[in-house]
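Student: PDB, C-alpha atoms, saved as structure-v4.pdb, coming up:
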```
ATOM      1  CA  MET A  20     -93.049  33.074 -16.595
ATOM      2  CA  SER A  21     -96.277  31.202 -16.131
ATOM      3  CA  ALA A  22     -96.048  28.079 -14.024
ATOM      4  CA  SER A  23     -97.928  25.325 -15.770
ATOM      5  CA  GLN A  24     -98.109  22.121 -13.813
ATOM      6  CA  SER A  25     -95.882  20.271 -16.259
ATOM      7  CA  ASP A  26     -93.201  22.968 -16.173
ATOM      8  CA  ARG A  27     -93.339  23.509 -12.454
ATOM      9  CA  ILE A  28     -90.177  22.507 -10.690
ATOM     10  CA  ASN A  29     -90.742  20.703  -7.458
ATOM     11  CA  TYR A  30     -89.273  23.089  -4.919
ATOM     12  CA  ARG A  31     -90.040  20.597  -2.202
ATOM     13  CA  ALA A  32     -87.591  18.068  -3.633
ATOM     14  CA  GLU A  33     -85.183  19.398  -1.064
ATOM     15  CA  ALA A  34     -83.581  16.001  -0.907
ATOM     16  CA  GLN A  35     -81.636  15.916  -4.158
ATOM     17  CA  VAL A  36     -81.272  12.207  -3.670
ATOM     18  CA  ILE A  37     -82.044   9.396  -6.054
ATOM     19  CA  ARG A  38     -83.352   6.195  -4.517
ATOM     20  CA  ARG A  39     -84.109   3.169  -6.612
ATOM     21  CA  SER A  40     -84.537  -0.465  -5.809
ATOM     22  CA  ILE A  41     -84.787  -3.471  -8.056
ATOM     23  CA  VAL A  42     -85.433  -7.156  -7.422
ATOM     24  CA  LEU A  43     -83.147  -9.510  -9.301
ATOM     25  CA  ASN A  44     -83.770 -13.173  -9.973
ATOM     26  CA  ALA A  45     -80.245 -14.087  -9.009
ATOM     27  CA  PRO A  46     -78.580 -15.192  -5.784
ATOM     28  CA  LEU A  47     -76.903 -12.714  -3.499
ATOM     29  CA  LEU A  48     -73.283 -13.606  -4.211
ATOM     30  CA  ARG A  49     -73.712 -13.454  -7.972
ATOM     31  CA  VAL A  50     -75.169  -9.968  -7.637
ATOM     32  CA  TRP A  51     -72.431  -8.952  -5.216
ATOM     33  CA  ASN A  52     -69.775 -10.036  -7.717
ATOM     34  CA  ALA A  53     -71.474  -7.991 -10.425
ATOM     35  CA  LEU A  54     -71.213  -4.924  -8.189
ATOM     36  CA  ALA A  55     -67.969  -5.357  -6.301
ATOM     37  CA  THR A  56     -65.566  -6.438  -9.030
ATOM     38  CA  SER A  57     -64.076  -4.498 -11.896
ATOM     39  CA  GLU A  58     -65.151  -7.092 -14.453
ATOM     40  CA  GLY A  59     -68.670  -7.210 -13.049
ATOM     41  CA  LEU A  60     -69.132  -3.450 -13.074
ATOM     42  CA  ALA A  61     -67.817  -3.233 -16.625
ATOM     43  CA  CYS A  62     -70.581  -5.532 -17.838
ATOM     44  CA  TRP A  63     -73.461  -3.286 -16.855
ATOM     45  CA  LEU A  64     -72.170   0.111 -15.648
ATOM     46  CA  MET A  65     -69.007   1.358 -17.341
ATOM     47  CA  SER A  66     -65.457   0.227 -17.928
ATOM     48  CA  ASN A  67     -63.356   0.895 -14.846
ATOM     49  CA  ASP A  68     -60.307   0.127 -12.732
ATOM     50  CA  PHE A  69     -62.227  -0.466  -9.521
ATOM     51  CA  GLN A  70     -60.756  -2.433  -6.654
ATOM     52  CA  PRO A  71     -62.879  -3.436  -3.634
ATOM     53  CA  ILE A  72     -60.513  -1.701  -1.216
ATOM     54  CA  VAL A  73     -61.723   1.149   0.974
ATOM     55  CA  GLY A  74     -59.819   4.356   0.380
ATOM     56  CA  THR A  75     -58.659   3.527  -3.151
ATOM     57  CA  ARG A  76     -59.454   5.802  -6.043
ATOM     58  CA  PHE A  77     -60.645   4.577  -9.410
ATOM     59  CA  THR A  78     -62.371   5.843 -12.525
ATOM     60  CA  PHE A  79     -65.242   4.885 -14.745
ATOM     61  CA  ARG A  80     -64.752   5.675 -18.405
ATOM     62  CA  ALA A  81     -67.410   6.259 -21.021
ATOM     63  CA  GLU A  82     -67.526   7.972 -24.378
ATOM     64  CA  PRO A  83     -66.870  11.726 -24.074
ATOM     65  CA  GLN A  84     -69.998  13.734 -24.622
ATOM     66  CA  GLY A  85     -70.333  17.476 -25.001
ATOM     67  CA  ASP A  86     -68.087  19.162 -22.466
ATOM     68  CA  TRP A  87     -67.773  16.009 -20.372
ATOM     69  CA  ASN A  88     -64.613  13.990 -21.031
ATOM     70  CA  GLY A  89     -66.345  10.708 -20.201
ATOM     71  CA  VAL A  90     -64.452  10.122 -16.952
ATOM     72  CA  VAL A  91     -66.059   9.703 -13.538
ATOM     73  CA  GLU A  92     -63.646   9.960 -10.597
ATOM     74  CA  CYS A  93     -64.457   7.787  -7.612
ATOM     75  CA  GLU A  94     -63.172   6.759  -4.215
ATOM     76  CA  VAL A  95     -64.230   3.573  -2.463
ATOM     77  CA  ILE A  96     -65.917   4.418   0.830
ATOM     78  CA  ARG A  97     -67.368   1.150   2.024
ATOM     79  CA  VAL A  98     -67.059  -2.525   1.114
ATOM     80  CA  ASP A  99     -69.099  -4.762   3.426
ATOM     81  CA  GLU A 100     -69.230  -8.031   1.538
ATOM     82  CA  PRO A 101     -71.785  -9.111   0.460
ATOM     83  CA  HIS A 102     -74.284  -6.419   1.477
ATOM     84  CA  CYS A 103     -73.003  -2.877   1.124
ATOM     85  CA  LEU A 104     -70.837  -1.045  -1.368
ATOM     86  CA  ALA A 105     -70.360   2.698  -1.546
ATOM     87  CA  PHE A 106     -68.124   5.034  -3.481
ATOM     88  CA  THR A 107     -67.946   8.708  -4.252
ATOM     89  CA  TRP A 108     -68.767   9.883  -7.770
ATOM     90  CA  SER A 109     -67.485  13.023  -9.455
ATOM     91  CA  GLU A 110     -67.770  13.954 -13.124
ATOM     92  CA  ALA A 111     -64.960  16.494 -12.951
ATOM     93  CA  PRO A 112     -62.057  17.129 -10.547
ATOM     94  CA  HIS A 113     -63.317  20.520  -9.390
ATOM     95  CA  LEU A 114     -66.739  19.180  -8.429
ATOM     96  CA  THR A 115     -67.662  18.139  -4.927
ATOM     97  CA  PRO A 116     -68.268  14.420  -5.233
ATOM     98  CA  THR A 117     -71.646  12.813  -4.778
ATOM     99  CA  LEU A 118     -72.156   9.450  -3.093
ATOM    100  CA  VAL A 119     -73.316   6.233  -4.737
ATOM    101  CA  ALA A 120     -74.299   3.478  -2.321
ATOM    102  CA  PHE A 121     -75.655  -0.011  -2.954
ATOM    103  CA  GLU A 122     -77.314  -2.227  -0.384
ATOM    104  CA  LEU A 123     -78.120  -5.841  -1.151
ATOM    105  CA  HIS A 124     -80.734  -7.997   0.557
ATOM    106  CA  ALA A 125     -81.159 -11.702  -0.086
ATOM    107  CA  PHE A 126     -84.714 -13.011  -0.219
ATOM    108  CA  GLY A 127     -84.840 -16.666  -1.083
ATOM    109  CA  SER A 128     -83.313 -17.077  -4.492
ATOM    110  CA  GLN A 129     -83.737 -13.394  -5.253
ATOM    111  CA  THR A 130     -81.678 -10.348  -4.413
ATOM    112  CA  GLU A 131     -82.979  -6.869  -3.860
ATOM    113  CA  VAL A 132     -80.565  -4.105  -4.802
ATOM    114  CA  CYS A 133     -81.146  -0.672  -3.321
ATOM    115  CA  LEU A 134     -79.313   2.293  -4.754
ATOM    116  CA  VAL A 135     -78.910   5.735  -3.286
ATOM    117  CA  HIS A 136     -77.166   8.466  -5.244
ATOM    118  CA  SER A 137     -77.081  11.563  -3.121
ATOM    119  CA  GLY A 138     -76.547  15.072  -4.411
ATOM    120  CA  ARG A 139     -73.760  17.422  -3.378
ATOM    121  CA  GLU A 140     -75.629  19.414  -0.810
ATOM    122  CA  HIS A 141     -75.954  16.393   1.416
ATOM    123  CA  LEU A 142     -72.269  15.716   1.838
ATOM    124  CA  PRO A 143     -70.589  15.036   4.221
ATOM    125  CA  GLU A 144     -73.476  14.210   6.541
ATOM    126  CA  THR A 145     -74.967  11.963   3.893
ATOM    127  CA  PHE A 146     -72.110   9.540   4.205
ATOM    128  CA  SER A 147     -73.133   8.616   7.712
ATOM    129  CA  SER A 148     -76.854   9.044   7.250
ATOM    130  CA  VAL A 149     -76.965   6.867   4.163
ATOM    131  CA  LEU A 150     -74.512   4.216   5.175
ATOM    132  CA  ASP A 151     -75.268   3.850   8.869
ATOM    133  CA  GLN A 152     -78.960   4.474   9.157
ATOM    134  CA  GLY A 153     -80.027   2.712   6.022
ATOM    135  CA  TRP A 154     -82.718   4.010   3.801
ATOM    136  CA  GLY A 155     -85.745   1.865   4.394
ATOM    137  CA  CYS A 156     -84.811  -0.750   1.846
ATOM    138  CA  ASN A 157     -85.406  -4.474   2.215
ATOM    139  CA  MET A 158     -88.864  -4.153   0.724
ATOM    140  CA  LEU A 159     -89.364  -7.864   0.123
ATOM    141  CA  ARG A 160     -88.727  -8.792   3.739
ATOM    142  CA  ARG A 161     -90.989  -6.059   5.054
ATOM    143  CA  LEU A 162     -93.793  -7.081   2.754
ATOM    144  CA  ALA A 163     -93.339 -10.723   3.750
ATOM    145  CA  GLU A 164     -93.534  -9.779   7.421
ATOM    146  CA  LEU A 165     -96.713  -7.832   6.833
ATOM    147  CA  ILE A 166     -98.253 -10.832   5.120
ATOM    148  CA  GLU A 167     -97.177 -13.193   7.892
ATOM    149  CA  ARG A 168     -98.908 -11.046  10.469
ATOM    150  CA  GLU A 169    -102.261 -11.490   8.732
TER     151      GLU A 169
ATOM    152  CA  MET B  15     -73.218   6.430 -19.799
ATOM    153  CA  GLU B  16     -75.293   8.190 -22.350
ATOM    154  CA  LEU B  17     -76.197  11.769 -21.634
ATOM    155  CA  SER B  18     -79.570  12.530 -23.067
ATOM    156  CA  SER B  19     -79.388  15.274 -25.639
ATOM    157  CA  THR B  20     -82.160  17.079 -23.841
ATOM    158  CA  HIS B  21     -80.022  17.534 -20.728
ATOM    159  CA  SER B  22     -77.034  19.745 -20.296
ATOM    160  CA  ALA B  23     -73.913  18.156 -18.856
ATOM    161  CA  PRO B  24     -74.860  16.904 -15.428
ATOM    162  CA  HIS B  25     -72.487  19.012 -13.413
ATOM    163  CA  ALA B  26     -73.036  22.610 -14.613
ATOM    164  CA  ASN B  27     -71.395  25.015 -12.186
ATOM    165  CA  ASP B  28     -70.617  23.452  -8.823
ATOM    166  CA  ALA B  29     -70.588  26.632  -6.784
ATOM    167  CA  SER B  30     -73.978  27.693  -8.079
ATOM    168  CA  LEU B  31     -75.512  24.289  -7.421
ATOM    169  CA  THR B  32     -74.275  24.340  -3.844
ATOM    170  CA  ALA B  33     -75.843  27.756  -3.364
ATOM    171  CA  ILE B  34     -79.104  26.606  -4.907
ATOM    172  CA  TYR B  35     -79.376  23.535  -2.710
ATOM    173  CA  GLY B  36     -78.559  25.637   0.339
ATOM    174  CA  ALA B  37     -81.240  28.108  -0.630
ATOM    175  CA  LEU B  38     -83.777  25.328  -1.105
ATOM    176  CA  ALA B  39     -82.932  23.648   2.181
ATOM    177  CA  ASP B  40     -85.028  26.104   4.179
ATOM    178  CA  PRO B  41     -88.829  25.626   4.141
ATOM    179  CA  THR B  42     -89.529  29.336   4.529
ATOM    180  CA  ARG B  43     -87.398  30.087   1.508
ATOM    181  CA  ARG B  44     -89.152  27.395  -0.486
ATOM    182  CA  GLU B  45     -92.472  28.967   0.371
ATOM    183  CA  MET B  46     -91.134  32.380  -0.586
ATOM    184  CA  MET B  47     -90.037  31.011  -3.927
ATOM    185  CA  GLU B  48     -93.505  29.651  -4.620
ATOM    186  CA  LEU B  49     -94.923  33.107  -3.919
ATOM    187  CA  LEU B  50     -92.306  34.852  -6.033
ATOM    188  CA  GLU B  51     -93.061  32.547  -8.907
ATOM    189  CA  THR B  52     -96.646  33.798  -9.072
ATOM    190  CA  ARG B  53     -95.793  37.503  -9.134
ATOM    191  CA  GLU B  54     -93.306  40.014  -7.825
ATOM    192  CA  PHE B  55     -93.409  41.092  -4.198
ATOM    193  CA  SER B  56     -91.952  43.845  -2.106
ATOM    194  CA  ILE B  57     -90.545  42.963   1.316
ATOM    195  CA  THR B  58     -93.686  44.390   2.848
ATOM    196  CA  GLY B  59     -95.813  42.205   0.608
ATOM    197  CA  LEU B  60     -93.829  39.105   1.513
ATOM    198  CA  ALA B  61     -93.938  39.894   5.211
ATOM    199  CA  LYS B  62     -97.741  39.560   5.164
ATOM    200  CA  HIS B  63     -97.324  35.870   4.352
ATOM    201  CA  PHE B  64     -94.890  34.891   7.080
ATOM    202  CA  PRO B  65     -94.815  35.240  10.870
ATOM    203  CA  ILE B  66     -91.264  36.606  10.762
ATOM    204  CA  SER B  67     -89.741  40.079  10.798
ATOM    205  CA  ARG B  68     -88.883  42.144   7.733
ATOM    206  CA  VAL B  69     -85.242  41.691   8.642
ATOM    207  CA  ALA B  70     -85.686  37.937   8.551
ATOM    208  CA  ILE B  71     -87.440  38.226   5.186
ATOM    209  CA  SER B  72     -84.517  40.262   3.896
ATOM    210  CA  LYS B  73     -82.032  37.670   5.092
ATOM    211  CA  HIS B  74     -83.889  34.942   3.250
ATOM    212  CA  LEU B  75     -84.070  37.086   0.116
ATOM    213  CA  LEU B  76     -80.340  37.639   0.327
ATOM    214  CA  VAL B  77     -79.668  33.905   0.352
ATOM    215  CA  LEU B  78     -81.999  33.446  -2.613
ATOM    216  CA  ALA B  79     -80.419  36.360  -4.464
ATOM    217  CA  GLN B  80     -76.896  35.033  -3.882
ATOM    218  CA  ALA B  81     -78.013  31.759  -5.432
ATOM    219  CA  GLY B  82     -79.311  33.668  -8.452
ATOM    220  CA  LEU B  83     -82.846  32.584  -7.697
ATOM    221  CA  VAL B  84     -84.425  36.026  -7.234
ATOM    222  CA  GLU B  85     -83.981  39.264  -9.090
ATOM    223  CA  GLU B  86     -84.925  42.764  -8.134
ATOM    224  CA  ARG B  87     -86.807  45.461  -9.955
ATOM    225  CA  LYS B  88     -87.294  48.983  -8.752
ATOM    226  CA  VAL B  89     -90.745  50.462  -9.233
ATOM    227  CA  GLY B  90     -90.803  54.045  -8.072
ATOM    228  CA  ARG B  91     -89.189  53.915  -4.679
ATOM    229  CA  GLU B  92     -90.144  50.321  -4.054
ATOM    230  CA  HIS B  93     -87.899  47.311  -4.568
ATOM    231  CA  ARG B  94     -89.755  44.298  -5.856
ATOM    232  CA  TYR B  95     -88.495  40.761  -6.084
ATOM    233  CA  HIS B  96     -89.359  38.011  -8.524
ATOM    234  CA  LEU B  97     -88.217  34.473  -9.150
ATOM    235  CA  ASN B  98     -85.504  33.609 -11.647
ATOM    236  CA  PRO B  99     -86.106  29.940 -12.468
ATOM    237  CA  THR B 100     -83.008  29.359 -14.593
ATOM    238  CA  PRO B 101     -80.751  28.071 -11.781
ATOM    239  CA  LEU B 102     -83.393  25.586 -10.759
ATOM    240  CA  HIS B 103     -83.320  24.083 -14.198
ATOM    241  CA  GLN B 104     -79.677  23.195 -13.608
ATOM    242  CA  ALA B 105     -80.464  21.497 -10.303
ATOM    243  CA  HIS B 106     -83.388  19.727 -11.867
ATOM    244  CA  ALA B 107     -81.173  18.555 -14.706
ATOM    245  CA  TRP B 108     -78.875  16.662 -12.320
ATOM    246  CA  LEU B 109     -81.768  14.806 -10.774
ATOM    247  CA  ALA B 110     -83.455  14.089 -14.080
ATOM    248  CA  HIS B 111     -80.221  12.903 -15.672
ATOM    249  CA  TYR B 112     -79.299  10.482 -12.931
ATOM    250  CA  GLU B 113     -82.842   9.184 -12.473
ATOM    251  CA  GLN B 114     -82.752   8.060 -16.069
ATOM    252  CA  PHE B 115     -79.133   6.946 -15.918
ATOM    253  CA  TRP B 116     -79.687   4.609 -12.959
ATOM    254  CA  GLN B 117     -82.986   3.376 -14.354
ATOM    255  CA  GLU B 118     -81.113   2.173 -17.439
ATOM    256  CA  LYS B 119     -78.071   0.857 -15.592
ATOM    257  CA  LEU B 120     -80.059  -1.133 -13.053
ATOM    258  CA  GLN B 121     -81.943  -2.750 -15.905
ATOM    259  CA  ALA B 122     -78.582  -3.624 -17.445
ATOM    260  CA  LEU B 123     -77.483  -5.109 -14.094
ATOM    261  CA  LYS B 124     -80.649  -7.180 -14.009
ATOM    262  CA  ALA B 125     -80.037  -8.477 -17.527
ATOM    263  CA  HIS B 126     -76.423  -9.241 -16.707
ATOM    264  CA  VAL B 127     -76.999 -11.268 -13.523
ATOM    265  CA  GLU B 128     -80.134 -13.042 -14.716
ATOM    266  CA  ASP B 129     -78.708 -14.058 -18.093
ATOM    267  CA  HIS B 130     -75.192 -14.969 -17.040
ATOM    268  CA  PRO B 131     -75.153 -17.723 -14.436
TER     269      PRO B 131
END
```
What does this structure look like when you write it as structure tokens?

Tutor:
Amino acid sequence: MSASQSDRINYRAEAQVIRRSIVLNAPLLRVWNALATSEGLACWLMSNDFQPIVGTRFTFRAEPQGDWNGVVECEVIRVDEPHCLAFTWSEAPHLTPTLVAFELHAFGSQTEVCLVHSGREHLPETFSSVLDQGWGCNMLRRLAELIERE
Amino acid sequence: MELSSTHSAPHANDASLTAIYGALADPTRREMMELLETREFSITGLAKHFPISRVAISKHLLVLAQAGLVEERKVGREHRYHLNPTPLHQAHAWLAHYEQFWQEKLQALKAHVEDHP
């Protein structure tokens, strides 16, 4: 097999972790409610029976597709209103769950949402590393501080 | 959640993914895989590229082989190893799927909170 650049798999992506952040033109509490309530999550993620109680299990439900029955099994790991929400995420009962974690930062009238979805090989150490050490989010504040120093 | 038709189901085989990630976690093994992608190598050939013993090379190859990432071919009396990329496609599929999934969902979150005071 020839390894063209476009086909080449990045072996150095040893961190099978997805990190995304997005700035929302909405106040912190409105964003928190969209993330930490069942009704809120249903509006943008998937229908669910989530409760913001650590240790509870819940499911997301989507249309079945292929050999996936459309159900994601989750357990609430952290609820630190209004800044941090984390739950496990598993597409099938036999699969080691992954971890989905949201961190919210208020910046004036805006809210920055940082997401980390960590792959299976990182568990269980990822729980502590992601939730306790943070992941270098809070971009708006850091940029503002850099500007202020000028 | 819409699964792109170009991706297989995001979970594939859990045991194999765990083995793949474990295999990829070591930098020496990652370097070995890059070599084995270019052509096949014997243990002797691999040993020229690393400051470690042949036994250590063999141990790394064993981990890679258990993850299905290398295959062996016998040429004469020599065993040669080459990369099997298929398992990596499964690992890559998880990442690619959820990168796109969260891209779309975070945009939906943005639309929801900005348009619904």

Student: Assuming the chain letters and numbering stay as they are in my file, what does the ChimeraX specification (/A :<6) & /B actually select? List them as JSON, numbers by chain.

Tutor: {"B": [15, 28, 32, 35, 39, 119, 122, 123, 124, 128]}

Student: Can you find the residues with an atom no farther than 12 Å from (-76.8, 34.1, -3.9), counting only C-alpha atoms, and report them as a short mmCIF file (atom, residue, chain, number, x, y, z; two decimals) with C-alpha atoms, in the frame of the given file?

Tutor:
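Dumped everything to result.cif:
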```cif
data_model
loop_
_atom_site.label_atom_id
_atom_site.label_comp_id
_atom_site.auth_asym_id
_atom_site.auth_seq_id
_atom_site.Cartn_x
_atom_site.Cartn_y
_atom_site.Cartn_z
CA ALA B 29 -70.59 26.63 -6.78
CA SER B 30 -73.98 27.69 -8.08
CA LEU B 31 -75.51 24.29 -7.42
CA THR B 32 -74.28 24.34 -3.84
CA ALA B 33 -75.84 27.76 -3.36
CA ILE B 34 -79.10 26.61 -4.91
CA TYR B 35 -79.38 23.54 -2.71
CA GLY B 36 -78.56 25.64 0.34
CA ALA B 37 -81.24 28.11 -0.63
CA LEU B 38 -83.78 25.33 -1.10
CA LYS B 73 -82.03 37.67 5.09
CA HIS B 74 -83.89 34.94 3.25
CA LEU B 75 -84.07 37.09 0.12
CA LEU B 76 -80.34 37.64 0.33
CA VAL B 77 -79.67 33.90 0.35
CA LEU B 78 -82.00 33.45 -2.61
CA ALA B 79 -80.42 36.36 -4.46
CA GLN B 80 -76.90 35.03 -3.88
CA ALA B 81 -78.01 31.76 -5.43
CA GLY B 82 -79.31 33.67 -8.45
CA LEU B 83 -82.85 32.58 -7.70
CA VAL B 84 -84.42 36.03 -7.23
CA GLU B 85 -83.98 39.26 -9.09
CA ASN B 98 -85.50 33.61 -11.65
CA PRO B 101 -80.75 28.07 -11.78
#
```

Student: Extending 5 Å beyond the listed atoms of region 121-125 of chain B on each side, what axis-aligned box results? I want centre and edge lengths in Å to one decimal, as AutoDock Vina command-line options.

Tutor:
```
--center_x -79.7 --center_y -5.6 --center_z -15.8 --size_x 14.5 --size_y 15.7 --size_z 13.5
```

Student: Rounded to one decimal, what separation in Å do you get between CA of Ala105 (chain B) and CA of Glu48 (chain B)?

Tutor: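 If I compute the distance from CA of Ala105 (chain B) to CA of Glu48 (chain B), I get 16.4 Å.
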
Student: Go through A:Phe69, A:Gly74, A:Leu47, A:Leu104 one by one, measure the shortest atom-to-atom distance of each to Val91 (chain A) using only C-alpha atoms, and give the residue with the smallest value.

Tutor: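 Once distances to Val91 (chain A) are computed over only C-alpha atoms, the minimum belongs to A:Phe69.
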
Student: At what distance in Å, to one decimal, does CA of His111 (chain B) lie from CA of Leu49 (chain B)?

Tutor: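 Value for the CA of Leu49 (chain B)-CA of His111 (chain B) distance: 27.6 Å.
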
Student: Given only C-alpha atoms as the basis, pick out the residue of A:Thr130, A:Asn88, A:Ala55, A:Thr78 nearest to Thr107 (chain A).

Tutor: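 Ranking A:Thr130, A:Asn88, A:Ala55, A:Thr78 by distance to Thr107 (chain A), first place goes to A:Thr78.
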
Student: Provide the CA of Pro41 (chain B) to CA of Trp108 (chain A) distance in Å, to one decimal place.

Tutor: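 For CA of Pro41 (chain B) relative to CA of Trp108 (chain A), the distance reads 28.1 Å.
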
Student: List as a list in words the protein and nucleic acid residues near Glu92 (chain B), meaning an atom at most 10 Å away when only C-alpha atoms are counted, but skip any in the same chain fewer than 4 places from it.

Tutor: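 Close residues of Glu92 (chain B): Phe55, Ser56, Ile57, Thr58, Arg87 and Lys88 of chain B.
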
Student: Which residue gives the smallest distance to Leu97 (chain B) among B:Met47, B:Leu109, B:Val69, B:Val127, with all atoms listed in the file counted?

Tutor: B:Met47
